[in-house]
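Contents: one structure, followed by commentary.
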Amino acid sequence: QVRLVESGGGSVQAGGSLRLSCAVSGDTDSNYCRAWFRHAPGKERERVAAIDSDGSTTYAISVKGRFTISQDNSENTLDLEMSSLKPQDTAMYYCAANSYKGWLCRSLAGMTQYNYWGQGTQVTVSS
């Protein structure tokens with residue numbers, strides 16, 4: 001089992017920045033692939049960024065160049081640094097994990113590919 005707990009959400013004006021963190025605990029063999037998803041009202045949950053066990057990353061086109069995913073293996077945390085935020089970034093943000101490695105982690109972006117989820121943290125961007 002893997003436990004994921006997000007923190008760091010909040011409200012910010014357009015153009016501002018926020019940093020989300022996710023504390024990861026449990027079976028390390030089950031969470032080689034870690035990701036951030038977001039879910040806005042009326043939209044499907046989408047993956048915004050993922051990072052695999054060797055540190056390779058992938059981003060959704062909508063956030064590329066503005067968001068940075070990183071992980072600290074010594075402290076077992078997953079972070080999402082968000083800058084140049086837009087009102088359309090408003091959503092509930094979730095960290096998620098599965099046991100995929102390498103290109104499987106980066107290429108399989110659907111929410112059904114992820115076994116473990118946090119409870120979510122709200123990000124609201126006002127114009």
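Residues are referred to by chain and number: the chain letter is A, B, ... according to the order shown in the structure tokens, the number counts from 1 in that chain, and ligands are numbered separately from 1 in the order shown.
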
| field | Ser126 of chain A surroundings by only C-alpha atoms, 12 Å radius, close-in-sequence under 4 positions cut, as a list in words | value |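 So, after excluding close chain neighbours, the residues are Gly10, Ser11, Val12, Gln13, Ala14, Gly15, Gly16, Leu85, Lys86, Pro87, Gln88, Asp89, Thr90 and Ala91 of chain A.
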
| task | With a distance cut-off of 7 Å and only C-alpha atoms, select the neighbouring residues of segment 109-123 of chain A, excluding the residue or stretch itself and same-chain residues fewer than 6 positions from it, and output the selection as a list of chain:residue names. | result |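 Surrounding residues, per the criterion: A:Val2, A:Leu4, A:Val5, A:Glu6, A:Ser7, A:Gly9, A:Gly10, A:Ser11, A:Arg47, A:Thr90, A:Ala91, A:Met92, A:Tyr93, A:Tyr94, A:Cys95, A:Ala96, A:Ala97, A:Asn98.
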
| note | One residue among A:Gln1, A:Thr68, A:Ser25, A:Ser99 is nearest to Asp52 of chain A when using only C-alpha atoms, and that residue is A:Ser99

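For the pair atom CA of Leu108 of chain A and atom CA of Asn73 of chain A, the separation is 22.3 Å.
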
| task | Take atom CA of Ser107 of chain A and atom CA of Ala35 of chain A and report the distance between them in Å, one decimal. | result |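 Pair atom CA of Ser107 of chain A / atom CA of Ala35 of chain A returns 11.8 Å.
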
| said: I need the residue nearest Gly26 of chain A from this list: A:Arg3, A:Arg66, A:Lys101, A:Arg106. Use only C-alpha atoms for the distance. | reply: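 Among the listed residues, the smallest separation from Gly26 of chain A belongs to A:Arg3.
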
| query | To one decimal place, how far is atom CA of Val24 of chain A from atom CA of Val125 of chain A in Å? | reply |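 Straight-line distance from atom CA of Val24 of chain A to atom CA of Val125 of chain A works out to 26.2 Å.
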
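Within the 7 Å cut-off around Leu80 of chain A, using only C-alpha atoms and omitting residues fewer than 3 positions from it on the same chain, the listed residues are Arg19, Leu20, Ser21, Phe67, Thr68, Ile69 and Ser70 of chain A.
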
With all heavy atoms kept, could you save the residues just selected as a PDB file, in the first residue's frame?
```
ATOM      1  N   ARG A  19       3.250  26.344  -4.822  1.00  0.00           N
ATOM      2  CA  ARG A  19       3.990  25.089  -4.786  1.00  0.00           C
ATOM      3  C   ARG A  19       3.155  24.057  -4.047  1.00  0.00           C
ATOM      4  O   ARG A  19       2.769  24.285  -2.900  1.00  0.00           O
ATOM      5  CB  ARG A  19       5.339  25.276  -4.088  1.00  0.00           C
ATOM      6  CG  ARG A  19       6.232  24.040  -4.125  1.00  0.00           C
ATOM      7  CD  ARG A  19       7.551  24.310  -3.412  1.00  0.00           C
ATOM      8  NE  ARG A  19       8.483  23.206  -3.522  1.00  0.00           N
ATOM      9  CZ  ARG A  19       9.383  23.093  -4.478  1.00  0.00           C
ATOM     10  NH1 ARG A  19       9.478  24.039  -5.410  1.00  0.00           N
ATOM     11  NH2 ARG A  19      10.206  22.061  -4.519  1.00  0.00           N
ATOM     12  N   LEU A  20       2.887  22.949  -4.705  1.00  0.00           N
ATOM     13  CA  LEU A  20       2.184  21.838  -4.093  1.00  0.00           C
ATOM     14  C   LEU A  20       3.191  20.772  -3.670  1.00  0.00           C
ATOM     15  O   LEU A  20       4.189  20.551  -4.364  1.00  0.00           O
ATOM     16  CB  LEU A  20       1.176  21.220  -5.062  1.00  0.00           C
ATOM     17  CG  LEU A  20       0.165  22.163  -5.700  1.00  0.00           C
ATOM     18  CD1 LEU A  20      -0.795  21.364  -6.600  1.00  0.00           C
ATOM     19  CD2 LEU A  20      -0.605  22.938  -4.654  1.00  0.00           C
ATOM     20  N   SER A  21       2.913  20.124  -2.546  1.00  0.00           N
ATOM     21  CA  SER A  21       3.753  19.030  -2.088  1.00  0.00           C
ATOM     22  C   SER A  21       2.903  17.814  -1.802  1.00  0.00           C
ATOM     23  O   SER A  21       1.730  17.939  -1.437  1.00  0.00           O
ATOM     24  CB  SER A  21       4.524  19.434  -0.826  1.00  0.00           C
ATOM     25  OG  SER A  21       5.498  20.398  -1.118  1.00  0.00           O
ATOM     26  N   PHE A  67       4.882  24.801 -15.254  1.00  0.00           N
ATOM     27  CA  PHE A  67       4.877  23.905 -14.095  1.00  0.00           C
ATOM     28  C   PHE A  67       6.152  23.059 -14.111  1.00  0.00           C
ATOM     29  O   PHE A  67       6.646  22.688 -15.189  1.00  0.00           O
ATOM     30  CB  PHE A  67       3.679  22.960 -14.135  1.00  0.00           C
ATOM     31  CG  PHE A  67       2.339  23.604 -13.890  1.00  0.00           C
ATOM     32  CD1 PHE A  67       2.164  24.976 -13.900  1.00  0.00           C
ATOM     33  CD2 PHE A  67       1.227  22.809 -13.645  1.00  0.00           C
ATOM     34  CE1 PHE A  67       0.931  25.558 -13.672  1.00  0.00           C
ATOM     35  CE2 PHE A  67      -0.021  23.364 -13.413  1.00  0.00           C
ATOM     36  CZ  PHE A  67      -0.173  24.739 -13.436  1.00  0.00           C
ATOM     37  N   THR A  68       6.650  22.748 -12.919  1.00  0.00           N
ATOM     38  CA  THR A  68       7.812  21.869 -12.795  1.00  0.00           C
ATOM     39  C   THR A  68       7.533  20.815 -11.739  1.00  0.00           C
ATOM     40  O   THR A  68       7.216  21.158 -10.587  1.00  0.00           O
ATOM     41  CB  THR A  68       9.067  22.661 -12.403  1.00  0.00           C
ATOM     42  OG1 THR A  68       9.324  23.672 -13.388  1.00  0.00           O
ATOM     43  CG2 THR A  68      10.277  21.736 -12.321  1.00  0.00           C
ATOM     44  N   ILE A  69       7.649  19.547 -12.118  1.00  0.00           N
ATOM     45  CA  ILE A  69       7.480  18.439 -11.174  1.00  0.00           C
ATOM     46  C   ILE A  69       8.863  17.994 -10.705  1.00  0.00           C
ATOM     47  O   ILE A  69       9.823  17.967 -11.486  1.00  0.00           O
ATOM     48  CB  ILE A  69       6.693  17.271 -11.823  1.00  0.00           C
ATOM     49  CG1 ILE A  69       6.330  16.215 -10.787  1.00  0.00           C
ATOM     50  CG2 ILE A  69       7.465  16.660 -12.991  1.00  0.00           C
ATOM     51  CD1 ILE A  69       5.362  15.141 -11.312  1.00  0.00           C
ATOM     52  N   SER A  70       8.954  17.672  -9.420  1.00  0.00           N
ATOM     53  CA  SER A  70      10.230  17.202  -8.881  1.00  0.00           C
ATOM     54  C   SER A  70       9.957  16.267  -7.716  1.00  0.00           C
ATOM     55  O   SER A  70       8.843  16.242  -7.167  1.00  0.00           O
ATOM     56  CB  SER A  70      11.100  18.384  -8.434  1.00  0.00           C
ATOM     57  OG  SER A  70      10.458  19.108  -7.402  1.00  0.00           O
TER      58      SER A  70
END
```

| chain A: residues DSSP assigns to alpha helix (DSSP H), reported as a ChimeraX atom specification | /A:102-107

Residues of the last selection are to be written out with N, CA, C and O atoms, as a compact mmCIF listing (two decimals), in the first residue's frame.
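Contents of the output file result-v8.txt:
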```txt
# COMPACT_ATOMS: atom_id res chain seq x y z
N GLY A 102 9.95 4.02 -16.54
CA GLY A 102 10.40 4.51 -17.84
C GLY A 102 9.29 5.03 -18.74
O GLY A 102 8.43 5.80 -18.31
N TRP A 103 9.30 4.57 -20.01
CA TRP A 103 8.37 5.13 -20.99
C TRP A 103 6.92 4.80 -20.65
O TRP A 103 6.01 5.56 -21.02
N LEU A 104 6.65 3.69 -19.96
CA LEU A 104 5.29 3.38 -19.53
C LEU A 104 4.78 4.45 -18.58
O LEU A 104 3.63 4.90 -18.68
N CYS A 105 5.62 4.87 -17.67
CA CYS A 105 5.22 5.91 -16.73
C CYS A 105 4.91 7.19 -17.49
O CYS A 105 3.88 7.83 -17.26
N ARG A 106 5.78 7.56 -18.41
CA ARG A 106 5.62 8.84 -19.11
C ARG A 106 4.48 8.81 -20.12
O ARG A 106 3.78 9.81 -20.32
N SER A 107 4.25 7.66 -20.77
CA SER A 107 3.28 7.62 -21.87
C SER A 107 1.85 7.29 -21.46
O SER A 107 0.90 7.71 -22.12
```

| request: Compare A:Ser127, A:Gln71, A:Pro41, A:Ser84 by their minimum atom-to-atom distance to Cys22 of chain A, counting only C-alpha atoms, and give me the closest one. | output: A:Gln71

| field | A:Glu81, A:Gly65, A:Asn76, A:Trp36 ranked by distance to Ala23 of chain A, top pick (using only C-alpha atoms) | value | A:Asn76

| Nearby residues (only C-alpha atoms) at most 6 Å from segment 57-62 of chain A, same-chain spacing under 3 positions excluded, as a PyMOL selection string | chain A and resi 48-51+106

Keeping C-alpha atoms for every residue in the selection just given, could you write it to a file as a CSV table (one decimal), in the first residue's frame?
```csv
chain,number,residue,atom,x,y,z
A,48,VAL,CA,-0.5,17.6,-15.8
A,49,ALA,CA,2.9,16.1,-15.0
A,50,ALA,CA,4.6,12.9,-14.2
A,51,ILE,CA,8.1,11.8,-13.1
A,106,ARG,CA,5.6,8.8,-19.1
```

| request: Can you work out which one of A:His39, A:Arg34, A:Ser17, A:Arg45 has the shortest atom-to-atom distance to Asp72 of chain A, counting only C-alpha atoms? | output: A:Arg34

| Which of chain A fall in strand (DSSP E), as an MDAnalysis selection string | chainID A and resid 2:7 10:13 18:26 33:39 46:51 57:59 67:72 77:82 91:98 116:117 121:126
